[in-house]
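A short write-up of the structure that comes next.
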Amino acid sequence: MNILAEFQKGGIAMYPLAALWFLAISVILERLWFWLRLLNQENQIVIRVLEAAREDWTLARDIAQRAIDQPIGRFLFAPLNLPRADAETFRLALESSADDELSGMRRGDKLLESAIALAPLLGLFGTVAGLIQTLKAINIGEFSDPAKLQKVTEGIGISLYSTAFGMIVAIVSLAFYRLFQAFIFNQVRIFSRAGNDLELLYRQSPPDYDQ
């Protein structure tokens, strides 16, 4: 089967669908790589920072600083890097940092949402355009000719290519969009738990700035 020839049969709507597919796949692959690296390291970072904070706040800050290439590292480093912060300022720094990191984790969501919404519509548009062209090219009297009737049915089948492709783009985009949303929801819980534990330690035994 000549894939390019079959693709071209789908009509003009196949080209924006192909562009949308390429963009969606690019976002999906980039986000998968992002989440794979993040999920493999963040629990260790949180444990190390919290354990160090029980003994030495400077050590906890240094551990978080070495992990600033990860969202959880930047989240924990933001309040630990404040000079002479009181408990309220410490909490506000945690909240602000969490908002920034969670916002960055949603990168690409808008493009996937656009693919989910636009792909089926573009596919339907291509099918309608193909049906119009097919019906314009025939006469009612030609339906009595089996050969002509077969061409009509083939034309209708080909016009459905764009709808099928649009549904594929939308389904794949929706599946990964939901997966990434589940990851983000889990990150909200992790950030909240780690932030609460760190703030509690800070309130119980704040750094001795005089030393």
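Following the order of the structure tokens, chains are lettered A, B, ..., residues in each are numbered from 1, and ligands are numbered from 1.
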
Residues near range 106-116 of chain A, cut-off 10 Å, only C-alpha atoms, skip fewer than 5 positions along chain, as an NGL selection string:
:A and (17 or 20-21 or 23-28 or 30-31 or 101 or 121-122 or 166-178 or 180-181 or 184)

Write out as a count of residues only each polymer residue whose atoms come within 10 Å of Arg203 in chain A, counting only C-alpha atoms; drop sequence neighbours fewer than 5 positions from it.
5

Best match for closeness to Gln41 in chain A among A:Asp100, A:Asp69, A:Glu95, A:Asp197, counting only C-alpha atoms
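Using only C-alpha atoms, the shortest distance to Gln41 in chain A belongs to A:Asp69.
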
If you measure from CA of Ile68 in chain A to CA of Leu179 in chain A, what distance in Å do you get, rounded to one decimal?
24.9 Å

Please identify the alpha helix (DSSP H) residues within chain A (assignment by DSSP from backbone atoms) and present them as a ChimeraX atom specification.
/A:3-9,14-53,57-66,71-80,87-105,109-136,146-159,161-204

Record the distance separating CA of Pro207 in chain A and CA of Ala98 in chain A, expressed in Å with one decimal.
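CA of Ala98 in chain A lies at a distance of 22.2 Å from CA of Pro207 in chain A.
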
Do you know which residues are at most 12 Å from range 199-202 of chain A counting only C-alpha atoms, after dropping those on the same chain fewer than 6 positions away, and could you put them as a PyMOL selection string?
chain A and resi 49-57+60+76+79-80+84-95+191-193+208

Could the residues in this selection be written to a file with C-alpha atoms, as an mmCIF file, in the first residue's frame?
```
data_model
loop_
_atom_site.group_PDB
_atom_site.id
_atom_site.type_symbol
_atom_site.label_atom_id
_atom_site.label_comp_id
_atom_site.auth_asym_id
_atom_site.auth_seq_id
_atom_site.Cartn_x
_atom_site.Cartn_y
_atom_site.Cartn_z
ATOM 1 C CA VAL A 49 15.959 17.429 51.981
ATOM 2 C CA LEU A 50 13.566 16.606 54.833
ATOM 3 C CA GLU A 51 16.107 14.376 56.580
ATOM 4 C CA ALA A 52 18.775 17.066 56.301
ATOM 5 C CA ALA A 53 16.371 19.752 57.551
ATOM 6 C CA ARG A 54 15.951 17.881 60.820
ATOM 7 C CA GLU A 55 19.655 18.349 61.541
ATOM 8 C CA ASP A 56 21.025 21.219 59.489
ATOM 9 C CA TRP A 57 19.061 23.767 57.458
ATOM 10 C CA ALA A 60 19.006 20.962 53.392
ATOM 11 C CA LEU A 76 12.048 23.250 48.096
ATOM 12 C CA PRO A 79 11.951 29.011 50.794
ATOM 13 C CA LEU A 80 15.241 27.532 52.028
ATOM 14 C CA ARG A 84 16.135 35.335 57.778
ATOM 15 C CA ALA A 85 12.609 34.294 56.769
ATOM 16 C CA ASP A 86 9.888 34.037 59.387
ATOM 17 C CA ALA A 87 7.400 31.156 59.285
ATOM 18 C CA GLU A 88 4.791 33.138 57.329
ATOM 19 C CA THR A 89 7.265 34.253 54.676
ATOM 20 C CA PHE A 90 8.531 30.682 54.458
ATOM 21 C CA ARG A 91 5.001 29.424 53.768
ATOM 22 C CA LEU A 92 4.330 32.120 51.159
ATOM 23 C CA ALA A 93 7.555 31.205 49.364
ATOM 24 C CA LEU A 94 6.444 27.572 49.267
ATOM 25 C CA GLU A 95 3.043 28.498 47.826
ATOM 26 C CA PHE A 191 4.101 19.243 46.640
ATOM 27 C CA SER A 192 1.475 19.785 49.312
ATOM 28 C CA ARG A 193 2.786 16.974 51.510
ATOM 29 C CA ASP A 208 19.574 29.814 64.322
#
```

At a cut-off of 9 Å, using only C-alpha atoms, what residues contact Ala64 in chain A? Leave out same-chain residues fewer than 3 positions from it and give the result as a ChimeraX atom specification.
/A:45-46,48-49,59-61,67-68,72-78,80

Residues from the last selection, N, CA and C atoms, saved as a PDB file, in the first residue's frame:
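Written file, result-v2.pdb:
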```pdb
ATOM      1  N   ILE A  45      14.708  13.130  46.293  1.00  0.00           N
ATOM      2  CA  ILE A  45      15.054  14.517  46.624  1.00  0.00           C
ATOM      3  C   ILE A  45      14.296  14.977  47.857  1.00  0.00           C
ATOM      4  N   VAL A  46      13.006  14.697  47.900  1.00  0.00           N
ATOM      5  CA  VAL A  46      12.190  15.111  49.049  1.00  0.00           C
ATOM      6  C   VAL A  46      12.704  14.463  50.332  1.00  0.00           C
ATOM      7  N   ARG A  48      15.686  13.282  51.069  1.00  0.00           N
ATOM      8  CA  ARG A  48      17.005  13.793  51.456  1.00  0.00           C
ATOM      9  C   ARG A  48      16.910  15.191  52.061  1.00  0.00           C
ATOM     10  N   VAL A  49      16.091  16.052  51.470  1.00  0.00           N
ATOM     11  CA  VAL A  49      15.959  17.429  51.981  1.00  0.00           C
ATOM     12  C   VAL A  49      15.310  17.425  53.356  1.00  0.00           C
ATOM     13  N   LEU A  59      22.510  22.441  55.186  1.00  0.00           N
ATOM     14  CA  LEU A  59      22.684  21.223  54.384  1.00  0.00           C
ATOM     15  C   LEU A  59      21.429  20.949  53.542  1.00  0.00           C
ATOM     16  N   ALA A  60      20.258  21.164  54.136  1.00  0.00           N
ATOM     17  CA  ALA A  60      19.006  20.962  53.392  1.00  0.00           C
ATOM     18  C   ALA A  60      18.931  21.905  52.196  1.00  0.00           C
ATOM     19  N   ARG A  61      19.356  23.153  52.419  1.00  0.00           N
ATOM     20  CA  ARG A  61      19.361  24.119  51.319  1.00  0.00           C
ATOM     21  C   ARG A  61      20.331  23.685  50.222  1.00  0.00           C
ATOM     22  N   ALA A  67      19.523  20.124  43.287  1.00  0.00           N
ATOM     23  CA  ALA A  67      18.431  19.487  42.545  1.00  0.00           C
ATOM     24  C   ALA A  67      17.539  20.499  41.837  1.00  0.00           C
ATOM     25  N   ILE A  68      18.048  21.713  41.601  1.00  0.00           N
ATOM     26  CA  ILE A  68      17.187  22.740  41.003  1.00  0.00           C
ATOM     27  C   ILE A  68      16.900  22.487  39.524  1.00  0.00           C
ATOM     28  N   ILE A  72      10.742  19.695  41.830  1.00  0.00           N
ATOM     29  CA  ILE A  72      10.664  19.544  43.280  1.00  0.00           C
ATOM     30  C   ILE A  72      11.867  20.179  43.955  1.00  0.00           C
ATOM     31  N   GLY A  73      13.017  20.158  43.301  1.00  0.00           N
ATOM     32  CA  GLY A  73      14.192  20.806  43.861  1.00  0.00           C
ATOM     33  C   GLY A  73      14.026  22.320  43.917  1.00  0.00           C
ATOM     34  N   ARG A  74      13.518  22.904  42.845  1.00  0.00           N
ATOM     35  CA  ARG A  74      13.282  24.360  42.829  1.00  0.00           C
ATOM     36  C   ARG A  74      12.215  24.751  43.842  1.00  0.00           C
ATOM     37  N   PHE A  75      11.202  23.884  43.983  1.00  0.00           N
ATOM     38  CA  PHE A  75      10.124  24.141  44.936  1.00  0.00           C
ATOM     39  C   PHE A  75      10.657  24.207  46.370  1.00  0.00           C
ATOM     40  N   LEU A  76      11.511  23.279  46.735  1.00  0.00           N
ATOM     41  CA  LEU A  76      12.048  23.250  48.096  1.00  0.00           C
ATOM     42  C   LEU A  76      13.146  24.282  48.312  1.00  0.00           C
ATOM     43  N   PHE A  77      13.884  24.608  47.256  1.00  0.00           N
ATOM     44  CA  PHE A  77      14.993  25.544  47.399  1.00  0.00           C
ATOM     45  C   PHE A  77      14.500  26.982  47.598  1.00  0.00           C
ATOM     46  N   ALA A  78      13.345  27.322  47.008  1.00  0.00           N
ATOM     47  CA  ALA A  78      12.851  28.706  47.072  1.00  0.00           C
ATOM     48  C   ALA A  78      12.706  29.205  48.507  1.00  0.00           C
ATOM     49  N   LEU A  80      13.994  27.773  51.283  1.00  0.00           N
ATOM     50  CA  LEU A  80      15.241  27.532  52.028  1.00  0.00           C
ATOM     51  C   LEU A  80      16.303  28.568  51.705  1.00  0.00           C
TER      52      LEU A  80
END
```

Hey, can you check how far CA of Phe165 in chain A sits from CA of Thr134 in chain A?
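We find that CA of Phe165 in chain A and CA of Thr134 in chain A lie 19.4 Å from each other.
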
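Of the listed residues (A:Leu38, A:Gly11, A:Phe22, A:Pro120), A:Gly11 comes nearest to Gln133 in chain A; the distances count only C-alpha atoms.
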